[in-house]
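Input: a single structure, listed below in structure tokens.
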Amino acid sequence: MSDRERAAWSGPEGARAFASVVAATDWLLGYPFVFRSLAERIGAGHVLVDYGCGPGTVAAHAARVLGARVLGVDTSPQMLELARAAGSAVAEYHLVEDGRAVGLADGCADAVMCNHVLASLPDEAALLSVFGEVRRLLRPGGLFVLLATDPACAGTEYASLRIGEPGAVYGPGERVTVRLLRTDGTWQEMPNRAWPVDVLPPLLERAGFEGVAHHHPTVAEALLVADPDLAHSRPWSAERAAPPLVVTTARAR
């Protein structure tokens, strides 16, 4: 990963940018479906790790929705500072150093969610490293839920993001710029890496997972799952035509 990419994702500027992103499309077609998958397996008394928790917004929401004990982990001290300052419902935050979540024991989690982390990883070795650490944290049979953008949807203008350029085709690990809508109405450009959906199953299996499945949530489904005010706030024309998010689930062997 270049210094520019690392700073964009992990530095002070990147942390502030992520804290001010609208993420309307994610809250319609992404996070509610992550929580739905998790709710089928965990609840009060269970431990959920949010791997790559960023400023803690999604982790805090998961804690409220699921009732589980949520542990947020991230490679960025600046992101963790924002998460702790928010006074969220997440009980603990841990720094990831040298690929390992500091202070978390093997098999400590009943489930792990990982939202939009793959886009920051430059190659398959980095993906395997993250998947391996997630597997370490999970007990056997534990659930892993991944949320990612689909590079096959490049160039489409969605409510709060655009993945790459119109007409472009991106291969595994190739650089792609994603535009994210900020709360002030401006757009934040972030350097991403493209990871097509079909790349993930063999890597997950190598890392100790089984039962890998993909789901492209649709607007029709979201009308029953997402926040009603958000779901009915706009027509979501682009999201209806080509849903841009993928939820991948797998079980730890």
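Each chain in the structure tokens gets a letter, A, B and so on, in the order shown; residues start at 1 in every chain, and ligands are counted from 1 in the order they appear.
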
Item to complete: Name the residues in contact with Glu174 (chain A) at a cut-off of 12 Å, using only C-alpha atoms, excluding same-chain residues fewer than 4 positions from it; report them as a list in words.
Response: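 Here the qualifying residues turn out to be Met1, Ala119, Ser120, Leu121, Pro122, Asp123, Glu124, Pro151, Gly164, Ala168, Val169, Tyr170, Pro191, Asn192, Arg193, Ala194, Trp195 and Pro196 of chain A.
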
Keeping N, CA, C and O atoms, export the residues of the selection given above as a JSON list (two decimals), in the first residue's frame.
[["chain", "number", "residue", "atom", "x", "y", "z"],
["A", 1, "MET", "N", 0.84, -1.19, 0.00],
["A", 1, "MET", "CA", 0.00, 0.00, 0.00],
["A", 1, "MET", "C", 0.88, 1.24, 0.00],
["A", 1, "MET", "O", 1.84, 1.32, 0.76],
["A", 119, "ALA", "N", -11.40, -3.00, 0.91],
["A", 119, "ALA", "CA", -11.02, -1.96, -0.05],
["A", 119, "ALA", "C", -9.69, -1.30, 0.29],
["A", 119, "ALA", "O", -9.09, -0.65, -0.56],
["A", 120, "SER", "N", -9.22, -1.49, 1.51],
["A", 120, "SER", "CA", -7.95, -0.89, 1.91],
["A", 120, "SER", "C", -6.78, -1.86, 1.78],
["A", 120, "SER", "O", -5.63, -1.49, 2.06],
["A", 121, "LEU", "N", -7.05, -3.10, 1.34],
["A", 121, "LEU", "CA", -6.02, -4.14, 1.33],
["A", 121, "LEU", "C", -5.46, -4.31, -0.08],
["A", 121, "LEU", "O", -6.20, -4.52, -1.04],
["A", 122, "PRO", "N", -4.12, -4.24, -0.25],
["A", 122, "PRO", "CA", -3.53, -4.14, -1.58],
["A", 122, "PRO", "C", -3.35, -5.44, -2.34],
["A", 122, "PRO", "O", -3.22, -5.42, -3.56],
["A", 123, "ASP", "N", -3.32, -6.58, -1.65],
["A", 123, "ASP", "CA", -3.03, -7.83, -2.35],
["A", 123, "ASP", "C", -3.65, -9.01, -1.60],
["A", 123, "ASP", "O", -4.16, -8.86, -0.48],
["A", 124, "GLU", "N", -3.58, -10.19, -2.22],
["A", 124, "GLU", "CA", -4.18, -11.38, -1.62],
["A", 124, "GLU", "C", -3.52, -11.76, -0.31],
["A", 124, "GLU", "O", -4.17, -12.29, 0.59],
["A", 151, "PRO", "N", -17.02, -4.17, -7.37],
["A", 151, "PRO", "CA", -16.37, -3.40, -8.45],
["A", 151, "PRO", "C", -17.03, -3.58, -9.80],
["A", 151, "PRO", "O", -16.77, -2.80, -10.73],
["A", 164, "GLY", "N", -15.28, 3.93, -8.76],
["A", 164, "GLY", "CA", -14.51, 3.99, -9.98],
["A", 164, "GLY", "C", -15.14, 4.81, -11.09],
["A", 164, "GLY", "O", -16.03, 5.63, -10.86],
["A", 168, "ALA", "N", -15.24, 1.36, -16.77],
["A", 168, "ALA", "CA", -13.98, 0.72, -16.35],
["A", 168, "ALA", "C", -14.24, -0.67, -15.81],
["A", 168, "ALA", "O", -15.30, -0.95, -15.24],
["A", 169, "VAL", "N", -13.27, -1.55, -16.03],
["A", 169, "VAL", "CA", -13.30, -2.90, -15.47],
["A", 169, "VAL", "C", -12.07, -3.06, -14.59],
["A", 169, "VAL", "O", -10.95, -2.80, -15.03],
["A", 170, "TYR", "N", -12.28, -3.47, -13.35],
["A", 170, "TYR", "CA", -11.19, -3.54, -12.37],
["A", 170, "TYR", "C", -10.94, -4.99, -11.97],
["A", 170, "TYR", "O", -11.86, -5.71, -11.57],
["A", 191, "PRO", "N", -8.82, 6.43, -2.10],
["A", 191, "PRO", "CA", -8.18, 5.37, -2.88],
["A", 191, "PRO", "C", -8.58, 4.00, -2.34],
["A", 191, "PRO", "O", -8.42, 3.72, -1.16],
["A", 192, "ASN", "N", -9.14, 3.18, -3.20],
["A", 192, "ASN", "CA", -9.58, 1.84, -2.84],
["A", 192, "ASN", "C", -8.84, 0.80, -3.66],
["A", 192, "ASN", "O", -8.12, 1.13, -4.60],
["A", 193, "ARG", "N", -9.05, -0.46, -3.32],
["A", 193, "ARG", "CA", -8.62, -1.59, -4.13],
["A", 193, "ARG", "C", -9.84, -2.43, -4.48],
["A", 193, "ARG", "O", -10.73, -2.63, -3.65],
["A", 194, "ALA", "N", -9.89, -2.88, -5.72],
["A", 194, "ALA", "CA", -11.02, -3.66, -6.20],
["A", 194, "ALA", "C", -10.83, -5.14, -5.87],
["A", 194, "ALA", "O", -9.78, -5.71, -6.16],
["A", 195, "TRP", "N", -11.87, -5.74, -5.27],
["A", 195, "TRP", "CA", -11.84, -7.17, -4.99],
["A", 195, "TRP", "C", -13.14, -7.80, -5.47],
["A", 195, "TRP", "O", -14.15, -7.79, -4.76],
["A", 196, "PRO", "N", -13.14, -8.34, -6.70],
["A", 196, "PRO", "CA", -14.34, -9.01, -7.22],
["A", 196, "PRO", "C", -14.80, -10.12, -6.28],
["A", 196, "PRO", "O", -14.00, -10.77, -5.61]]

Please report, as a PDB file with N, CA and C atoms, in the first residue's frame, each residue of region 83-239 of chain A to which DSSP assigns alpha helix (DSSP H) when run on this structure's backbone.
ATOM      1  N   ALA A  83     -13.622   6.897  18.029  1.00  0.00           N
ATOM      2  CA  ALA A  83     -14.609   5.958  18.555  1.00  0.00           C
ATOM      3  C   ALA A  83     -14.768   6.119  20.063  1.00  0.00           C
ATOM      4  N   ARG A  84     -13.656   6.226  20.761  1.00  0.00           N
ATOM      5  CA  ARG A  84     -13.722   6.372  22.220  1.00  0.00           C
ATOM      6  C   ARG A  84     -14.344   7.707  22.617  1.00  0.00           C
ATOM      7  N   ALA A  85     -14.049   8.756  21.851  1.00  0.00           N
ATOM      8  CA  ALA A  85     -14.573  10.083  22.176  1.00  0.00           C
ATOM      9  C   ALA A  85     -16.075  10.178  21.952  1.00  0.00           C
ATOM     10  N   GLU A 124      -3.578 -10.195  -2.224  1.00  0.00           N
ATOM     11  CA  GLU A 124      -4.185 -11.375  -1.616  1.00  0.00           C
ATOM     12  C   GLU A 124      -3.515 -11.763  -0.309  1.00  0.00           C
ATOM     13  N   ALA A 125      -2.226 -11.482  -0.191  1.00  0.00           N
ATOM     14  CA  ALA A 125      -1.539 -11.783   1.063  1.00  0.00           C
ATOM     15  C   ALA A 125      -2.134 -10.973   2.214  1.00  0.00           C
ATOM     16  N   ALA A 126      -2.481  -9.723   1.940  1.00  0.00           N
ATOM     17  CA  ALA A 126      -3.086  -8.881   2.971  1.00  0.00           C
ATOM     18  C   ALA A 126      -4.480  -9.379   3.327  1.00  0.00           C
ATOM     19  N   LEU A 127      -5.247  -9.814   2.317  1.00  0.00           N
ATOM     20  CA  LEU A 127      -6.561 -10.385   2.602  1.00  0.00           C
ATOM     21  C   LEU A 127      -6.434 -11.634   3.468  1.00  0.00           C
ATOM     22  N   LEU A 128      -5.511 -12.504   3.124  1.00  0.00           N
ATOM     23  CA  LEU A 128      -5.309 -13.726   3.899  1.00  0.00           C
ATOM     24  C   LEU A 128      -4.900 -13.415   5.330  1.00  0.00           C
ATOM     25  N   SER A 129      -4.100 -12.370   5.514  1.00  0.00           N
ATOM     26  CA  SER A 129      -3.671 -11.983   6.855  1.00  0.00           C
ATOM     27  C   SER A 129      -4.870 -11.564   7.703  1.00  0.00           C
ATOM     28  N   VAL A 130      -5.749 -10.743   7.127  1.00  0.00           N
ATOM     29  CA  VAL A 130      -6.942 -10.304   7.852  1.00  0.00           C
ATOM     30  C   VAL A 130      -7.862 -11.489   8.123  1.00  0.00           C
ATOM     31  N   PHE A 131      -8.098 -12.309   7.107  1.00  0.00           N
ATOM     32  CA  PHE A 131      -8.973 -13.466   7.308  1.00  0.00           C
ATOM     33  C   PHE A 131      -8.398 -14.409   8.362  1.00  0.00           C
ATOM     34  N   GLY A 132      -7.083 -14.554   8.386  1.00  0.00           N
ATOM     35  CA  GLY A 132      -6.458 -15.411   9.385  1.00  0.00           C
ATOM     36  C   GLY A 132      -6.627 -14.884  10.800  1.00  0.00           C
ATOM     37  N   GLU A 133      -6.526 -13.566  10.955  1.00  0.00           N
ATOM     38  CA  GLU A 133      -6.715 -12.981  12.282  1.00  0.00           C
ATOM     39  C   GLU A 133      -8.176 -13.084  12.713  1.00  0.00           C
ATOM     40  N   VAL A 134      -9.093 -12.873  11.785  1.00  0.00           N
ATOM     41  CA  VAL A 134     -10.515 -13.043  12.103  1.00  0.00           C
ATOM     42  C   VAL A 134     -10.786 -14.481  12.543  1.00  0.00           C
ATOM     43  N   ARG A 135     -10.193 -15.440  11.825  1.00  0.00           N
ATOM     44  CA  ARG A 135     -10.372 -16.849  12.202  1.00  0.00           C
ATOM     45  C   ARG A 135      -9.804 -17.118  13.592  1.00  0.00           C
ATOM     46  N   ARG A 136      -8.685 -16.493  13.934  1.00  0.00           N
ATOM     47  CA  ARG A 136      -8.111 -16.673  15.273  1.00  0.00           C
ATOM     48  C   ARG A 136      -9.088 -16.188  16.345  1.00  0.00           C
ATOM     49  N   LEU A 137      -9.750 -15.077  16.069  1.00  0.00           N
ATOM     50  CA  LEU A 137     -10.646 -14.492  17.059  1.00  0.00           C
ATOM     51  C   LEU A 137     -11.929 -15.289  17.240  1.00  0.00           C
ATOM     52  N   LEU A 200     -13.031 -14.079  -3.266  1.00  0.00           N
ATOM     53  CA  LEU A 200     -13.061 -14.278  -1.822  1.00  0.00           C
ATOM     54  C   LEU A 200     -13.203 -15.722  -1.346  1.00  0.00           C
ATOM     55  N   PRO A 201     -14.089 -16.546  -1.925  1.00  0.00           N
ATOM     56  CA  PRO A 201     -14.285 -17.898  -1.370  1.00  0.00           C
ATOM     57  C   PRO A 201     -13.020 -18.724  -1.210  1.00  0.00           C
ATOM     58  N   PRO A 202     -12.138 -18.842  -2.222  1.00  0.00           N
ATOM     59  CA  PRO A 202     -10.939 -19.670  -2.006  1.00  0.00           C
ATOM     60  C   PRO A 202     -10.016 -19.115  -0.930  1.00  0.00           C
ATOM     61  N   LEU A 203      -9.954 -17.790  -0.802  1.00  0.00           N
ATOM     62  CA  LEU A 203      -9.107 -17.203   0.234  1.00  0.00           C
ATOM     63  C   LEU A 203      -9.695 -17.466   1.625  1.00  0.00           C
ATOM     64  N   LEU A 204     -10.996 -17.349   1.751  1.00  0.00           N
ATOM     65  CA  LEU A 204     -11.642 -17.640   3.029  1.00  0.00           C
ATOM     66  C   LEU A 204     -11.456 -19.105   3.414  1.00  0.00           C
ATOM     67  N   GLU A 205     -11.575 -19.986   2.451  1.00  0.00           N
ATOM     68  CA  GLU A 205     -11.387 -21.411   2.732  1.00  0.00           C
ATOM     69  C   GLU A 205      -9.957 -21.705   3.166  1.00  0.00           C
ATOM     70  N   ARG A 206      -8.990 -21.060   2.536  1.00  0.00           N
ATOM     71  CA  ARG A 206      -7.589 -21.228   2.941  1.00  0.00           C
ATOM     72  C   ARG A 206      -7.347 -20.733   4.360  1.00  0.00           C
ATOM     73  N   VAL A 219     -33.207  -3.123  -3.105  1.00  0.00           N
ATOM     74  CA  VAL A 219     -34.059  -2.103  -2.493  1.00  0.00           C
ATOM     75  C   VAL A 219     -35.370  -2.722  -2.028  1.00  0.00           C
ATOM     76  N   ALA A 220     -35.913  -3.654  -2.799  1.00  0.00           N
ATOM     77  CA  ALA A 220     -37.163  -4.309  -2.394  1.00  0.00           C
ATOM     78  C   ALA A 220     -37.006  -4.985  -1.035  1.00  0.00           C
ATOM     79  N   GLU A 221     -35.885  -5.647  -0.818  1.00  0.00           N
ATOM     80  CA  GLU A 221     -35.624  -6.269   0.479  1.00  0.00           C
ATOM     81  C   GLU A 221     -35.430  -5.206   1.558  1.00  0.00           C
ATOM     82  N   ALA A 222     -34.730  -4.132   1.199  1.00  0.00           N
ATOM     83  CA  ALA A 222     -34.411  -3.083   2.178  1.00  0.00           C
ATOM     84  C   ALA A 222     -35.662  -2.411   2.717  1.00  0.00           C
ATOM     85  N   LEU A 223     -36.715  -2.358   1.931  1.00  0.00           N
ATOM     86  CA  LEU A 223     -37.956  -1.752   2.403  1.00  0.00           C
ATOM     87  C   LEU A 223     -38.510  -2.492   3.613  1.00  0.00           C
ATOM     88  N   LEU A 224     -38.088  -3.746   3.795  1.00  0.00           N
ATOM     89  CA  LEU A 224     -38.545  -4.549   4.928  1.00  0.00           C
ATOM     90  C   LEU A 224     -37.521  -4.627   6.051  1.00  0.00           C
ATOM     91  N   VAL A 225     -36.287  -4.170   5.781  1.00  0.00           N
ATOM     92  CA  VAL A 225     -35.196  -4.375   6.733  1.00  0.00           C
ATOM     93  C   VAL A 225     -34.600  -3.059   7.245  1.00  0.00           C
ATOM     94  N   PRO A 228     -37.262   2.706   8.065  1.00  0.00           N
ATOM     95  CA  PRO A 228     -38.337   3.106   7.136  1.00  0.00           C
ATOM     96  C   PRO A 228     -38.191   4.534   6.620  1.00  0.00           C
ATOM     97  N   ASP A 229     -37.777   5.453   7.490  1.00  0.00           N
ATOM     98  CA  ASP A 229     -37.630   6.844   7.053  1.00  0.00           C
ATOM     99  C   ASP A 229     -36.581   6.956   5.950  1.00  0.00           C
ATOM    100  N   LEU A 230     -35.469   6.240   6.106  1.00  0.00           N
ATOM    101  CA  LEU A 230     -34.435   6.251   5.075  1.00  0.00           C
ATOM    102  C   LEU A 230     -34.928   5.546   3.818  1.00  0.00           C
ATOM    103  N   ALA A 231     -35.541   4.391   3.973  1.00  0.00           N
ATOM    104  CA  ALA A 231     -35.963   3.596   2.828  1.00  0.00           C
ATOM    105  C   ALA A 231     -36.949   4.344   1.939  1.00  0.00           C
ATOM    106  N   SER A 237     -33.072   5.092  -7.450  1.00  0.00           N
ATOM    107  CA  SER A 237     -33.128   4.567  -8.819  1.00  0.00           C
ATOM    108  C   SER A 237     -31.891   3.747  -9.177  1.00  0.00           C
ATOM    109  N   ALA A 238     -30.711   4.279  -8.890  1.00  0.00           N
ATOM    110  CA  ALA A 238     -29.477   3.560  -9.232  1.00  0.00           C
ATOM    111  C   ALA A 238     -29.335   2.288  -8.406  1.00  0.00           C
ATOM    112  N   GLU A 239     -29.673   2.384  -7.128  1.00  0.00           N
ATOM    113  CA  GLU A 239     -29.577   1.207  -6.255  1.00  0.00           C
ATOM    114  C   GLU A 239     -30.529   0.097  -6.706  1.00  0.00           C
TER     115      GLU A 239
END

Near-Arg253 (chain A) list (8 Å; only C-alpha atoms; drop same-chain fewer than 4 positions) as a CSV table (one decimal) with N, CA, C and O atoms, in the first residue's frame:
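out10.csv, freshly written:
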chain,number,residue,atom,x,y,z
A,140,PRO,N,-14.8,-22.0,17.0
A,140,PRO,CA,-15.2,-22.9,15.9
A,140,PRO,C,-16.7,-22.8,15.7
A,140,PRO,O,-17.5,-22.8,16.7
A,141,GLY,N,-17.2,-22.7,14.5
A,141,GLY,CA,-18.6,-22.5,14.2
A,141,GLY,C,-19.0,-21.0,14.2
A,141,GLY,O,-20.2,-20.7,13.9
A,208,GLY,N,-9.4,-20.9,6.8
A,208,GLY,CA,-10.1,-21.8,7.8
A,208,GLY,C,-11.6,-21.6,7.9
A,208,GLY,O,-12.2,-21.8,9.0
A,209,PHE,N,-12.2,-21.1,6.8
A,209,PHE,CA,-13.7,-20.9,6.8
A,209,PHE,C,-14.4,-21.9,5.8
A,209,PHE,O,-13.7,-22.4,4.9
A,210,GLU,N,-15.7,-22.1,6.0
A,210,GLU,CA,-16.5,-22.9,5.2
A,210,GLU,C,-17.8,-22.3,5.0
A,210,GLU,O,-18.2,-21.3,5.7

Check which residues of region 83-196 of chain A sit at most 7 Å from region 25-34 of chain A using only C-alpha atoms, and return one row each with the closest pair of atoms and their distance in Å to one decimal, ordered by chain and rising number, as a tab-separated table.
residue	atom	partner	partner_atom	distance
A:Val145	CA	A:Val34	CA	6.5
A:Leu147	CA	A:Gly30	CA	6.7
A:Ala159	CA	A:Thr25	CA	6.0
A:Ser160	CA	A:Thr25	CA	5.8

Item to complete: Can you list, as an MDAnalysis selection string, all residues belonging to region 113-231 of chain A that DSSP tags as strand (DSSP E)?
Response: chainID A and resid 113:115 138:149 161:163 175:181 187:193 209:215

Can you spit out the residues from that selection as a PDB file, in the first residue's frame, using C-alpha atoms?
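This is the output file out_7.pdb:
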ATOM      1  CA  MET A 113     -18.222  -8.342  11.161  1.00  0.00           C
ATOM      2  CA  CYS A 114     -15.883  -6.596   8.738  1.00  0.00           C
ATOM      3  CA  ASN A 115     -17.341  -3.625   6.867  1.00  0.00           C
ATOM      4  CA  LEU A 138     -13.627 -16.716  16.229  1.00  0.00           C
ATOM      5  CA  ARG A 139     -14.602 -19.850  18.092  1.00  0.00           C
ATOM      6  CA  PRO A 140     -15.237 -22.909  15.887  1.00  0.00           C
ATOM      7  CA  GLY A 141     -18.593 -22.477  14.171  1.00  0.00           C
ATOM      8  CA  GLY A 142     -18.493 -18.719  14.697  1.00  0.00           C
ATOM      9  CA  LEU A 143     -19.987 -16.453  12.026  1.00  0.00           C
ATOM     10  CA  PHE A 144     -17.974 -14.089   9.827  1.00  0.00           C
ATOM     11  CA  VAL A 145     -19.914 -11.370   7.948  1.00  0.00           C
ATOM     12  CA  LEU A 146     -18.201  -9.208   5.325  1.00  0.00           C
ATOM     13  CA  LEU A 147     -19.621  -6.090   3.676  1.00  0.00           C
ATOM     14  CA  ALA A 148     -17.935  -4.792   0.523  1.00  0.00           C
ATOM     15  CA  THR A 149     -18.625  -2.792  -2.622  1.00  0.00           C
ATOM     16  CA  LEU A 161     -21.044   6.851  -3.453  1.00  0.00           C
ATOM     17  CA  ARG A 162     -19.529   6.091  -6.831  1.00  0.00           C
ATOM     18  CA  ILE A 163     -17.150   3.180  -7.384  1.00  0.00           C
ATOM     19  CA  ARG A 175      -6.553   0.689  -7.689  1.00  0.00           C
ATOM     20  CA  VAL A 176      -9.988   2.271  -7.907  1.00  0.00           C
ATOM     21  CA  THR A 177     -11.120   5.654  -6.601  1.00  0.00           C
ATOM     22  CA  VAL A 178     -14.365   5.718  -4.643  1.00  0.00           C
ATOM     23  CA  ARG A 179     -16.305   8.960  -4.109  1.00  0.00           C
ATOM     24  CA  LEU A 180     -18.169   9.241  -0.794  1.00  0.00           C
ATOM     25  CA  LEU A 181     -20.781  11.893   0.001  1.00  0.00           C
ATOM     26  CA  TRP A 187     -17.577  14.527  -2.095  1.00  0.00           C
ATOM     27  CA  GLN A 188     -14.574  12.801  -0.552  1.00  0.00           C
ATOM     28  CA  GLU A 189     -12.355  10.768  -2.875  1.00  0.00           C
ATOM     29  CA  MET A 190     -10.757   7.703  -1.327  1.00  0.00           C
ATOM     30  CA  PRO A 191      -8.176   5.370  -2.883  1.00  0.00           C
ATOM     31  CA  ASN A 192      -9.582   1.839  -2.835  1.00  0.00           C
ATOM     32  CA  ARG A 193      -8.619  -1.592  -4.131  1.00  0.00           C
ATOM     33  CA  PHE A 209     -13.697 -20.918   6.807  1.00  0.00           C
ATOM     34  CA  GLU A 210     -16.464 -22.922   5.162  1.00  0.00           C
ATOM     35  CA  GLY A 211     -19.992 -22.381   3.886  1.00  0.00           C
ATOM     36  CA  VAL A 212     -19.118 -19.164   2.048  1.00  0.00           C
ATOM     37  CA  ALA A 213     -22.172 -17.416   0.589  1.00  0.00           C
ATOM     38  CA  HIS A 214     -22.791 -14.068  -1.125  1.00  0.00           C
ATOM     39  CA  HIS A 215     -25.867 -11.859  -1.090  1.00  0.00           C
TER      40      HIS A 215
END

Worksheet item: How far is it from CA of His46 (chain A) to CA of Ala60 (chain A), in Å with one decimal?
Response: 15.1 Å

Item to complete: Write out as number ranges by chain each polymer residue whose atoms come within 7 Å of Cys153 (chain A), counting only C-alpha atoms; drop sequence neighbours fewer than 3 positions from it.
Response: A: 150, 156, 163, 242, 244

Item to complete: Record the distance separating CA of Val112 (chain A) and CA of Leu48 (chain A), expressed in Å with one decimal.
Response: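 Between CA of Val112 (chain A) and CA of Leu48 (chain A) the gap is 5.5 Å.
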
Item to complete: Please indicate the distance in Å from CA of Pro217 (chain A) to CA of Val246 (chain A), rounded to one decimal place.
Response: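 For CA of Pro217 (chain A) relative to CA of Val246 (chain A), the distance reads 7.0 Å.
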